[in-house]
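Enquirer: Before we start, here is the structure in question, set down as structure tokens.
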Amino acid sequence: MATGARKSAGVVRRPQVTTLLIGTRKGLWTLTSDAARRAWKLAGPQFLGNIVHHAVKDPRDGETVLVAARTGHLGPTVFRSADRGKTWKEATRPPAFKPGGARSVDHTFWLTPGHASQPGTWYAGTSPQGLFRSTDGGATWSGVDGFNEHPRRKDWCGGDKDGTPDGPKLHSILVDPRDAKHMYIGMSGGGIFESTNAGADWNPLNAGVRADFMPDPDPEFGHDPHCVRMHPQAPDRLYHQNHCGIYRLDRPDTRWTEIGATMPKSVGSIGFPMVLHPRDPDTLWVFPMDGTSVWPRVSPGGKPAAYRSVNGGRTWQRQATGLPAAQAWWTVKRQAMTADRAATVGVYFGTTSGEIWGSRDEGRTWKCLARHLPHVYSVEAS
Amino acid sequence: MNVRIPGLLRSYTNGAECVDVHVAPAAPTLADALEALNERYPGMRFRIVDEQGAIRAHIKIFVDGGLARDLATPVRTDGELMIVGALSGG
């Protein structure tokens with residue numbers, strides 16, 4: 001039995017240790033906790049100098065880790081490990097559009113493990129917006145033609161002015177745990193789309209979502225969802241943090257309900273990440289950013305705080321105990337906030353100024369876990 | 001032909017600064033040379049040339065000292081290729 005493991009009623013239980021995979025503009029780091037999640041050990045860097053947009057461990061085997069990387073000079077690729085990050089191999093065919101077209105992948109932005117019934121299947125979202133699938137654990141990738149070659153894709157994705165300052169992105173690839181063929185994607189810009197046939201065709205799912213930057217305030221697509229989440233134990237419950245507010249949708253309804261209007265007016269309802277409680281579909285966290293004037297995208301008033309709702313977004317509580325009380329102008333990107341699965345959930349986020357903060361009591365109190373890292377793009381807990 | 005590898009790409013060549021690749025003698029081009037390079041070091045080509053065959057924005061490739069604008073640039077079987085990262089970064 002491994003050191004520290006306990007055996008109870010024939011089941012070997014490992015200590016409740018949380019590991020954070022931290023993707024940054026200059027490489028990959030990991031933070032690993034002790035069993036109480038009080039002490040944390042920083043390790044890294046790996047891939048020093050690489051821009052790591054996303055690093056994800058496969059929950060299906062607990063061993064495979066995929067990393068979406070590029071450098072400032074070299075093109076995009078995917079690295080994969082079958083031993084929790086000890087050794088790495090590069091994808092032999094990374095996500096790439098078909099030759100003969102006009103588009104090339106600038107970077108792979110988002111990684112999602114596939115359905116539990118399809119070990120080895122992964123999805124990747126790219127900039128510009130493309131959807132790719134691997135069925136061999138990330139070694140080779142093929143375009144999902146039902147999206148990438150869809151006759152309406154250009155309409156959905158828009159042009160160069162319909163993305164983020166770092167390029168238009170396909171993100172938030174969600175696979176329904178009840179049905180491997182049922183998927184959602186989010187695009188900045190483009191909006192949220194749904195497929196019921198494993199990506200062979202897609203339909204927009206944006207009704208009720210504001211698009212204040214468009215001439216039509218209620219268009220069919222062209223929105224800017226920043227981060228979309230599906231509750232793993234109640235997959236009909238979707239939430240998303242948008243450029244224009246916070247939303248909830250309970251399928252089979254198709255019209256989103258805005259739930260950010262009850263946020264304090266001085267804080268607003270704009271931000272990038274959206275984090276769900278792993279077991280309670282009514283509990284979620286957001287991390288507001290200033291979306292006024294020229295969109296500063298920093299903590300409103302220089303006073304960072306998470307906001308938690310425990311009733312599906314009807315009301316919100318500010319959670320800032322332990323965070324700086326003033327002059328902290330943080331930006332937290334859409335993949336840079338996450339939760340673990342502990343009995344009392346741990347919530348974690350990383351800033352573009354290179355700090356990692358964590359709460360082991362569901363956001364009530366916060367502690368800085370690491371600082372002086374590069375610009376943080378992603379934080380994923382496992 | 002001889003290929004000078006920048007530090008950016010030496011993870012593919014086990015640290016080697018110069019490598020030799022074989023290109024067919026009949027009117028070889030830069031595309032042929034990079035294909036040969038990729039056969040020997042899988043994955044390297046895509047890091048410096050995109051899926052539409054364009055040399056990436058921050059990569060320069062010199063053929064016998066001259067800057068190559070595209071992959072149709074002729075090369076010599078005993079010539080020299082120099083791959084460099086452009087002077088950009090941050």
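Following the order of the structure tokens, first chain is A, next is B, and so on, with residues numbered from 1 inside each chain and ligands from 1 in the order they appear.
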Which neighbours of Leu71 in chain B fall inside 7 Å, counting only C-alpha atoms, when residues of the same chain fewer than 2 positions from it are skipped, and could you give them as a list in words?

Expert: Thr29, Leu30, Ala31 and Thr73 of chain B

Enquirer: Chain A residues within 9 Å of chain B, counting only C-alpha atoms: which ones, as a PyMOL selection string?

Expert: chain A and resi 70-77+90-94+96-106

Enquirer: Could you please take those selected residues and save N, CA, C and O atoms as an mmCIF file, in the first residue's frame?

Expert:
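Ended up saving to part-v8.cif:
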```cif
data_model
loop_
_atom_site.group_PDB
_atom_site.id
_atom_site.type_symbol
_atom_site.label_atom_id
_atom_site.label_comp_id
_atom_site.auth_asym_id
_atom_site.auth_seq_id
_atom_site.Cartn_x
_atom_site.Cartn_y
_atom_site.Cartn_z
ATOM 1 N N ARG A 70 2.551 26.520 -27.510
ATOM 2 C CA ARG A 70 3.279 27.056 -28.642
ATOM 3 C C ARG A 70 4.347 27.971 -28.052
ATOM 4 O O ARG A 70 4.374 28.203 -26.842
ATOM 5 N N THR A 71 5.239 28.457 -28.880
ATOM 6 C CA THR A 71 6.146 29.489 -28.391
ATOM 7 C C THR A 71 5.869 30.751 -29.184
ATOM 8 O O THR A 71 5.062 30.756 -30.118
ATOM 9 N N GLY A 72 6.541 31.820 -28.838
ATOM 10 C CA GLY A 72 6.339 33.046 -29.588
ATOM 11 C C GLY A 72 6.715 32.894 -31.053
ATOM 12 O O GLY A 72 6.156 33.553 -31.915
ATOM 13 N N HIS A 73 7.662 32.001 -31.338
ATOM 14 C CA HIS A 73 8.137 31.830 -32.700
ATOM 15 C C HIS A 73 7.585 30.584 -33.367
ATOM 16 O O HIS A 73 7.248 30.604 -34.548
ATOM 17 N N LEU A 74 7.512 29.493 -32.626
ATOM 18 C CA LEU A 74 7.149 28.205 -33.231
ATOM 19 C C LEU A 74 5.649 27.995 -33.210
ATOM 20 O O LEU A 74 4.951 28.481 -32.325
ATOM 21 N N GLY A 75 5.176 27.213 -34.157
ATOM 22 C CA GLY A 75 3.755 26.948 -34.277
ATOM 23 C C GLY A 75 3.221 26.090 -33.147
ATOM 24 O O GLY A 75 3.964 25.603 -32.292
ATOM 25 N N PRO A 76 1.893 25.904 -33.141
ATOM 26 C CA PRO A 76 1.223 25.246 -32.018
ATOM 27 C C PRO A 76 1.397 23.733 -32.034
ATOM 28 O O PRO A 76 1.485 23.114 -33.089
ATOM 29 N N THR A 77 1.410 23.160 -30.839
ATOM 30 C CA THR A 77 1.452 21.715 -30.740
ATOM 31 C C THR A 77 0.775 21.273 -29.452
ATOM 32 O O THR A 77 0.300 22.094 -28.666
ATOM 33 N N GLU A 90 5.430 14.584 -27.942
ATOM 34 C CA GLU A 90 4.693 15.574 -28.720
ATOM 35 C C GLU A 90 3.710 14.867 -29.650
ATOM 36 O O GLU A 90 3.990 13.776 -30.166
ATOM 37 N N ALA A 91 2.558 15.474 -29.861
ATOM 38 C CA ALA A 91 1.605 14.931 -30.833
ATOM 39 C C ALA A 91 2.284 14.816 -32.188
ATOM 40 O O ALA A 91 3.014 15.716 -32.608
ATOM 41 N N THR A 92 2.058 13.705 -32.865
ATOM 42 C CA THR A 92 2.652 13.558 -34.194
ATOM 43 C C THR A 92 1.838 14.302 -35.245
ATOM 44 O O THR A 92 2.348 14.618 -36.315
ATOM 45 N N ARG A 93 0.557 14.541 -34.958
ATOM 46 C CA ARG A 93 -0.272 15.376 -35.854
ATOM 47 C C ARG A 93 -1.127 16.288 -34.977
ATOM 48 O O ARG A 93 -2.242 15.938 -34.595
ATOM 49 N N PRO A 94 -0.606 17.483 -34.643
ATOM 50 C CA PRO A 94 -1.368 18.398 -33.786
ATOM 51 C C PRO A 94 -2.583 18.946 -34.529
ATOM 52 O O PRO A 94 -2.697 18.798 -35.757
ATOM 53 N N ALA A 96 -4.753 20.967 -36.780
ATOM 54 C CA ALA A 96 -4.435 21.819 -37.935
ATOM 55 C C ALA A 96 -5.605 21.749 -38.902
ATOM 56 O O ALA A 96 -6.201 20.677 -39.080
ATOM 57 N N PHE A 97 -5.909 22.879 -39.526
ATOM 58 C CA PHE A 97 -6.975 22.892 -40.521
ATOM 59 C C PHE A 97 -6.520 22.155 -41.778
ATOM 60 O O PHE A 97 -5.331 21.864 -41.949
ATOM 61 N N LYS A 98 -7.479 21.884 -42.659
ATOM 62 C CA LYS A 98 -7.134 21.169 -43.882
ATOM 63 C C LYS A 98 -6.301 22.056 -44.801
ATOM 64 O O LYS A 98 -6.589 23.244 -44.937
ATOM 65 N N PRO A 99 -5.267 21.480 -45.439
ATOM 66 C CA PRO A 99 -4.504 22.253 -46.421
ATOM 67 C C PRO A 99 -5.420 22.693 -47.564
ATOM 68 O O PRO A 99 -6.432 22.054 -47.844
ATOM 69 N N GLY A 100 -5.046 23.781 -48.183
ATOM 70 C CA GLY A 100 -5.833 24.259 -49.313
ATOM 71 C C GLY A 100 -6.860 25.298 -48.924
ATOM 72 O O GLY A 100 -7.540 25.859 -49.779
ATOM 73 N N GLY A 101 -6.971 25.569 -47.643
ATOM 74 C CA GLY A 101 -7.889 26.604 -47.191
ATOM 75 C C GLY A 101 -7.133 27.871 -46.850
ATOM 76 O O GLY A 101 -5.951 28.014 -47.175
ATOM 77 N N ALA A 102 -7.818 28.759 -46.183
ATOM 78 C CA ALA A 102 -7.182 30.029 -45.845
ATOM 79 C C ALA A 102 -6.795 30.100 -44.376
ATOM 80 O O ALA A 102 -6.117 31.028 -43.961
ATOM 81 N N ARG A 103 -7.220 29.117 -43.597
ATOM 82 C CA ARG A 103 -7.017 29.243 -42.155
ATOM 83 C C ARG A 103 -5.890 28.352 -41.669
ATOM 84 O O ARG A 103 -5.698 27.234 -42.161
ATOM 85 N N SER A 104 -5.169 28.866 -40.681
ATOM 86 C CA SER A 104 -4.174 28.042 -39.993
ATOM 87 C C SER A 104 -4.356 28.246 -38.490
ATOM 88 O O SER A 104 -4.746 29.322 -38.040
ATOM 89 N N VAL A 105 -4.076 27.201 -37.746
ATOM 90 C CA VAL A 105 -4.230 27.258 -36.287
ATOM 91 C C VAL A 105 -3.111 28.117 -35.705
ATOM 92 O O VAL A 105 -1.937 27.813 -35.896
ATOM 93 N N ASP A 106 -3.501 29.172 -35.020
ATOM 94 C CA ASP A 106 -2.492 29.996 -34.333
ATOM 95 C C ASP A 106 -2.096 29.351 -33.014
ATOM 96 O O ASP A 106 -0.925 29.264 -32.679
#
```

Enquirer: Quick one: residues within 9 Å of Ala69 in chain A, only C-alpha atoms counted, chain neighbours fewer than 4 positions away excluded, as a PyMOL selection string?

Expert: chain A and resi 27+47+50-55+75-79+107-109

Enquirer: Could you take the residues named above and write them with all heavy atoms, as a CSV table (one decimal), in the first residue's frame?

Expert:
```csv
chain,number,residue,atom,x,y,z
A,27,GLY,N,5.4,28.7,-19.5
A,27,GLY,CA,5.6,27.3,-19.2
A,27,GLY,C,4.5,26.8,-18.2
A,27,GLY,O,3.5,27.4,-18.0
A,47,PHE,N,8.4,22.8,-19.9
A,47,PHE,CA,8.2,23.5,-21.2
A,47,PHE,C,8.5,25.0,-21.0
A,47,PHE,O,7.8,25.9,-21.5
A,47,PHE,CB,6.7,23.4,-21.6
A,47,PHE,CG,6.3,21.9,-21.7
A,47,PHE,CD1,5.3,21.5,-20.8
A,47,PHE,CD2,6.8,21.1,-22.6
A,47,PHE,CE1,4.9,20.2,-20.8
A,47,PHE,CE2,6.4,19.7,-22.7
A,47,PHE,CZ,5.4,19.3,-21.8
A,50,ASN,N,7.5,28.1,-23.3
A,50,ASN,CA,6.3,27.8,-24.1
A,50,ASN,C,5.1,28.5,-23.5
A,50,ASN,O,4.9,28.6,-22.3
A,50,ASN,CB,6.0,26.3,-24.1
A,50,ASN,CG,6.8,25.5,-25.1
A,50,ASN,OD1,6.4,25.3,-26.2
A,50,ASN,ND2,8.1,25.2,-24.7
A,51,ILE,N,4.2,29.0,-24.4
A,51,ILE,CA,3.0,29.6,-24.0
A,51,ILE,C,2.0,28.4,-23.8
A,51,ILE,O,1.6,27.8,-24.8
A,51,ILE,CB,2.4,30.5,-25.1
A,51,ILE,CG1,3.5,31.6,-25.4
A,51,ILE,CG2,1.1,31.1,-24.7
A,51,ILE,CD1,3.2,32.4,-26.7
A,52,VAL,N,1.6,28.2,-22.6
A,52,VAL,CA,0.8,27.0,-22.3
A,52,VAL,C,-0.6,27.6,-22.0
A,52,VAL,O,-0.9,28.2,-21.0
A,52,VAL,CB,1.3,26.2,-21.1
A,52,VAL,CG1,0.3,25.1,-20.7
A,52,VAL,CG2,2.6,25.7,-21.4
A,53,HIS,N,-1.5,27.4,-23.0
A,53,HIS,CA,-2.9,27.9,-22.8
A,53,HIS,C,-3.7,27.1,-21.9
A,53,HIS,O,-4.6,27.5,-21.3
A,53,HIS,CB,-3.5,28.1,-24.2
A,53,HIS,CG,-3.1,29.4,-24.9
A,53,HIS,ND1,-2.2,29.4,-25.9
A,53,HIS,CD2,-3.5,30.7,-24.7
A,53,HIS,CE1,-2.0,30.7,-26.3
A,53,HIS,NE2,-2.8,31.4,-25.6
A,54,HIS,N,-3.5,25.8,-21.9
A,54,HIS,CA,-4.3,24.9,-21.2
A,54,HIS,C,-3.5,23.6,-20.9
A,54,HIS,O,-2.8,23.1,-21.8
A,54,HIS,CB,-5.6,24.5,-22.0
A,54,HIS,CG,-6.8,24.3,-21.1
A,54,HIS,ND1,-8.0,23.8,-21.6
A,54,HIS,CD2,-7.0,24.4,-19.7
A,54,HIS,CE1,-8.9,23.7,-20.6
A,54,HIS,NE2,-8.3,24.0,-19.5
A,55,ALA,N,-3.7,23.1,-19.7
A,55,ALA,CA,-3.1,21.8,-19.3
A,55,ALA,C,-4.2,21.1,-18.5
A,55,ALA,O,-4.7,21.6,-17.5
A,55,ALA,CB,-1.8,22.0,-18.5
A,75,GLY,N,5.2,27.2,-34.2
A,75,GLY,CA,3.8,26.9,-34.3
A,75,GLY,C,3.2,26.1,-33.1
A,75,GLY,O,4.0,25.6,-32.3
A,76,PRO,N,1.9,25.9,-33.1
A,76,PRO,CA,1.2,25.2,-32.0
A,76,PRO,C,1.4,23.7,-32.0
A,76,PRO,O,1.5,23.1,-33.1
A,76,PRO,CB,-0.2,25.6,-32.2
A,76,PRO,CG,-0.4,25.7,-33.7
A,76,PRO,CD,1.0,26.3,-34.2
A,77,THR,N,1.4,23.2,-30.8
A,77,THR,CA,1.5,21.7,-30.7
A,77,THR,C,0.8,21.3,-29.5
A,77,THR,O,0.3,22.1,-28.7
A,77,THR,CB,2.9,21.2,-30.8
A,77,THR,OG1,2.9,19.8,-31.0
A,77,THR,CG2,3.7,21.5,-29.6
A,78,VAL,N,0.7,20.0,-29.3
A,78,VAL,CA,0.1,19.4,-28.1
A,78,VAL,C,1.2,18.4,-27.5
A,78,VAL,O,1.7,17.6,-28.3
A,78,VAL,CB,-1.2,18.7,-28.4
A,78,VAL,CG1,-1.7,17.9,-27.2
A,78,VAL,CG2,-2.2,19.7,-28.8
A,79,PHE,N,1.5,18.5,-26.2
A,79,PHE,CA,2.3,17.5,-25.6
A,79,PHE,C,1.4,16.7,-24.7
A,79,PHE,O,0.4,17.1,-24.2
A,79,PHE,CB,3.4,18.2,-24.7
A,79,PHE,CG,4.4,19.0,-25.5
A,79,PHE,CD1,4.3,20.4,-25.5
A,79,PHE,CD2,5.4,18.4,-26.2
A,79,PHE,CE1,5.2,21.2,-26.3
A,79,PHE,CE2,6.3,19.2,-26.9
A,79,PHE,CZ,6.2,20.6,-27.0
A,107,HIS,N,-3.1,28.9,-32.3
A,107,HIS,CA,-2.8,28.2,-31.0
A,107,HIS,C,-4.0,27.3,-30.7
A,107,HIS,O,-5.1,27.6,-31.0
A,107,HIS,CB,-2.4,29.1,-29.9
A,107,HIS,CG,-3.4,30.1,-29.5
A,107,HIS,ND1,-3.4,31.4,-30.1
A,107,HIS,CD2,-4.4,30.1,-28.6
A,107,HIS,CE1,-4.4,32.1,-29.6
A,107,HIS,NE2,-5.0,31.4,-28.7
A,108,THR,N,-3.7,26.2,-30.0
A,108,THR,CA,-4.7,25.4,-29.4
A,108,THR,C,-5.0,26.0,-28.0
A,108,THR,O,-4.1,26.2,-27.2
A,108,THR,CB,-4.3,23.9,-29.3
A,108,THR,OG1,-4.1,23.4,-30.6
A,108,THR,CG2,-5.4,23.1,-28.5
A,109,PHE,N,-6.3,26.3,-27.8
A,109,PHE,CA,-6.7,27.2,-26.7
A,109,PHE,C,-7.3,26.3,-25.6
A,109,PHE,O,-7.2,26.7,-24.4
A,109,PHE,CB,-7.7,28.2,-27.1
A,109,PHE,CG,-8.1,29.2,-26.0
A,109,PHE,CD1,-7.2,30.1,-25.5
A,109,PHE,CD2,-9.4,29.1,-25.6
A,109,PHE,CE1,-7.6,30.9,-24.5
A,109,PHE,CE2,-9.8,30.0,-24.5
A,109,PHE,CZ,-8.9,30.9,-24.0
```

Enquirer: Please return as a list in words: the residues of chain B that backbone DSSP assigns to strand (DSSP E or B).

Expert: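 Strand (DSSP E or B) members of chain B, listed: Asn2, Val3, Arg4, Cys18, Val19, Asp20, Thr29, Val49, Ile55, Ile59, Lys60, Ile61, Phe62, Val63, Gly66, Leu67, Pro74, Glu80, Leu81, Met82, Ile83, Val84 and Gly85 of chain B.
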
Enquirer: How would the residues just chosen look if you wrote them out with N, CA, C and O atoms as a tab-separated table (two decimals), in the first residue's frame?

Expert:
```tsv
chain	number	residue	atom	x	y	z
B	2	ASN	N	23.07	20.60	-45.73
B	2	ASN	CA	23.33	20.91	-44.34
B	2	ASN	C	22.25	21.88	-43.82
B	2	ASN	O	21.91	22.85	-44.49
B	3	VAL	N	21.74	21.58	-42.65
B	3	VAL	CA	20.70	22.44	-42.06
B	3	VAL	C	21.18	22.93	-40.70
B	3	VAL	O	21.53	22.13	-39.83
B	4	ARG	N	21.21	24.24	-40.54
B	4	ARG	CA	21.60	24.83	-39.25
B	4	ARG	C	20.33	25.04	-38.43
B	4	ARG	O	19.39	25.71	-38.85
B	18	CYS	N	23.76	21.42	-36.19
B	18	CYS	CA	23.75	21.22	-37.64
B	18	CYS	C	23.37	19.77	-37.92
B	18	CYS	O	23.85	18.86	-37.22
B	19	VAL	N	22.53	19.57	-38.91
B	19	VAL	CA	22.17	18.21	-39.30
B	19	VAL	C	22.22	18.12	-40.83
B	19	VAL	O	22.12	19.14	-41.53
B	20	ASP	N	22.38	16.91	-41.31
B	20	ASP	CA	22.35	16.68	-42.76
B	20	ASP	C	21.05	16.00	-43.13
B	20	ASP	O	20.61	15.08	-42.44
B	29	THR	N	13.30	21.64	-53.86
B	29	THR	CA	12.84	22.92	-53.34
B	29	THR	C	12.94	22.91	-51.81
B	29	THR	O	13.18	21.87	-51.19
B	49	VAL	N	6.29	25.87	-40.31
B	49	VAL	CA	5.47	26.10	-41.50
B	49	VAL	C	4.04	25.73	-41.14
B	49	VAL	O	3.81	24.66	-40.57
B	55	ILE	N	5.53	29.92	-44.36
B	55	ILE	CA	6.54	30.00	-43.30
B	55	ILE	C	5.97	30.86	-42.19
B	55	ILE	O	5.40	31.93	-42.43
B	59	ILE	N	9.42	33.13	-38.07
B	59	ILE	CA	10.50	32.23	-38.49
B	59	ILE	C	11.07	32.73	-39.82
B	59	ILE	O	10.31	33.11	-40.72
B	60	LYS	N	12.38	32.73	-39.93
B	60	LYS	CA	13.03	33.02	-41.21
B	60	LYS	C	13.85	31.81	-41.62
B	60	LYS	O	14.47	31.15	-40.78
B	61	ILE	N	13.85	31.54	-42.91
B	61	ILE	CA	14.66	30.44	-43.44
B	61	ILE	C	15.54	31.01	-44.55
B	61	ILE	O	15.05	31.63	-45.51
B	62	PHE	N	16.83	30.81	-44.40
B	62	PHE	CA	17.79	31.27	-45.42
B	62	PHE	C	18.29	30.06	-46.21
B	62	PHE	O	18.66	29.03	-45.62
B	63	VAL	N	18.28	30.18	-47.52
B	63	VAL	CA	18.80	29.13	-48.40
B	63	VAL	C	20.09	29.66	-49.02
B	63	VAL	O	20.07	30.67	-49.74
B	66	GLY	N	20.44	33.33	-48.71
B	66	GLY	CA	19.36	34.22	-49.17
B	66	GLY	C	18.06	33.90	-48.46
B	66	GLY	O	17.74	32.73	-48.22
B	67	LEU	N	17.29	34.94	-48.12
B	67	LEU	CA	16.03	34.74	-47.40
B	67	LEU	C	15.00	34.09	-48.32
B	67	LEU	O	14.69	34.60	-49.39
B	74	PRO	N	14.10	27.20	-54.73
B	74	PRO	CA	15.00	26.07	-55.07
B	74	PRO	C	16.12	25.92	-54.04
B	74	PRO	O	16.59	26.91	-53.46
B	80	GLU	N	23.05	24.84	-48.19
B	80	GLU	CA	22.89	25.02	-46.75
B	80	GLU	C	21.57	25.74	-46.46
B	80	GLU	O	21.18	26.69	-47.14
B	81	LEU	N	20.92	25.23	-45.46
B	81	LEU	CA	19.66	25.82	-44.97
B	81	LEU	C	19.94	26.37	-43.58
B	81	LEU	O	20.58	25.71	-42.77
B	82	MET	N	19.45	27.57	-43.31
B	82	MET	CA	19.61	28.14	-41.97
B	82	MET	C	18.22	28.58	-41.49
B	82	MET	O	17.58	29.41	-42.13
B	83	ILE	N	17.78	27.99	-40.40
B	83	ILE	CA	16.46	28.32	-39.83
B	83	ILE	C	16.73	29.20	-38.61
B	83	ILE	O	17.54	28.85	-37.75
B	84	VAL	N	16.07	30.34	-38.55
B	84	VAL	CA	16.27	31.22	-37.39
B	84	VAL	C	14.93	31.74	-36.87
B	84	VAL	O	13.96	31.86	-37.62
B	85	GLY	N	14.91	32.04	-35.59
B	85	GLY	CA	13.77	32.75	-35.02
B	85	GLY	C	13.94	34.23	-35.33
B	85	GLY	O	15.02	34.78	-35.12
```

Enquirer: Work out how far CA of His231 in chain A is from CA of Asp34 in chain A, in Å to one decimal.

Expert: 27.3 Å

Enquirer: Using CA of Gln335 in chain A and CA of Cys227 in chain A as the two end points, give the distance in Å to one decimal.

Expert: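 Interatomic distance here is 8.0 Å.
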
Enquirer: Name the residues in contact with Trp88 in chain A at a cut-off of 9 Å, using only C-alpha atoms, excluding same-chain residues fewer than 6 positions from it; report them as a list in words.

Expert: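 Using only C-alpha atoms, the neighbours found are Val65, Phe79, Arg80, Ser81 and Ala82 of chain A.
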
Enquirer: Between CA of Leu238 in chain A and CA of Pro128 in chain A, what is the spacing in Å?

Expert: 24.5 Å

Enquirer: Which residues are near Glu355 in chain A? Cut-off 9 Å, only C-alpha atoms, ignore same chain within fewer than 5 positions. Put them as a list in words.

Expert: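 Skipping anything fewer than 5 positions along the chain leaves Phe349, Gly350, Cys368, Leu369, Ala370, Arg371, His372, Leu373, Pro374, His375 and Val376 of chain A.
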
Enquirer: Write out the residues from the selection above, keeping N, CA and C atoms, as an mmCIF file, in the first residue's frame.

Expert:
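Result saved to selection.cif:
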```cif
data_model
loop_
_atom_site.group_PDB
_atom_site.id
_atom_site.type_symbol
_atom_site.label_atom_id
_atom_site.label_comp_id
_atom_site.auth_asym_id
_atom_site.auth_seq_id
_atom_site.Cartn_x
_atom_site.Cartn_y
_atom_site.Cartn_z
ATOM 1 N N PHE A 349 -7.618 30.165 -8.095
ATOM 2 C CA PHE A 349 -7.516 30.971 -9.307
ATOM 3 C C PHE A 349 -6.099 31.496 -9.463
ATOM 4 N N GLY A 350 -5.758 31.850 -10.692
ATOM 5 C CA GLY A 350 -4.457 32.429 -11.000
ATOM 6 C C GLY A 350 -4.655 33.762 -11.699
ATOM 7 N N CYS A 368 -2.735 33.099 -0.462
ATOM 8 C CA CYS A 368 -1.862 33.066 -1.643
ATOM 9 C C CYS A 368 -1.021 31.786 -1.592
ATOM 10 N N LEU A 369 -1.079 30.998 -2.638
ATOM 11 C CA LEU A 369 -0.366 29.722 -2.689
ATOM 12 C C LEU A 369 0.963 29.835 -3.434
ATOM 13 N N ALA A 370 1.056 30.778 -4.353
ATOM 14 C CA ALA A 370 2.306 30.966 -5.103
ATOM 15 C C ALA A 370 2.292 32.357 -5.707
ATOM 16 N N ARG A 371 3.455 32.939 -5.840
ATOM 17 C CA ARG A 371 3.547 34.219 -6.526
ATOM 18 C C ARG A 371 4.813 34.225 -7.372
ATOM 19 N N HIS A 372 4.968 35.274 -8.155
ATOM 20 C CA HIS A 372 6.136 35.461 -9.028
ATOM 21 C C HIS A 372 6.153 34.496 -10.211
ATOM 22 N N LEU A 373 5.025 33.889 -10.510
ATOM 23 C CA LEU A 373 4.944 33.080 -11.728
ATOM 24 C C LEU A 373 4.692 34.005 -12.922
ATOM 25 N N PRO A 374 4.846 33.481 -14.138
ATOM 26 C CA PRO A 374 4.454 34.285 -15.308
ATOM 27 C C PRO A 374 2.925 34.446 -15.368
ATOM 28 N N HIS A 375 2.492 35.228 -16.310
ATOM 29 C CA HIS A 375 1.081 35.472 -16.630
ATOM 30 C C HIS A 375 0.325 34.114 -16.679
ATOM 31 N N VAL A 376 -0.658 33.952 -15.818
ATOM 32 C CA VAL A 376 -1.351 32.659 -15.720
ATOM 33 C C VAL A 376 -2.513 32.606 -16.717
#
```

Enquirer: Please identify all polymer residues within 10 Å of Pro304 in chain A, counting only C-alpha atoms, omitting same-chain residues fewer than 4 positions from it, and present them as a list in words.

Expert: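 Listed by chain and then number, they are Val267, Phe287, Pro288, Met289, Val298, Ser299, Pro300, Arg318, Gln319, Ala320, Leu323, Pro324, Ala325, Ala326, Gln327, Ala328, Trp329, Trp330, Thr331 and Val332 of chain A.
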
Enquirer: Go through chain B and collect every residue that DSSP, computed from the backbone, puts in alpha helix (DSSP H); the answer should be as a list in words.

Expert: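 Residues of chain B classed as alpha helix (DSSP H): Leu30, Ala31, Asp32, Ala33, Leu34, Glu35, Ala36, Leu37, Asn38, Glu39, Arg40, Met44, Arg45, Phe46, Arg47 and Ile48 of chain B.
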
Enquirer: Which is closest to Ser266 in chain A among A:Arg248, A:Asp290, A:His243, A:Ala198, if we use only C-alpha atoms?

Expert: A:Asp290
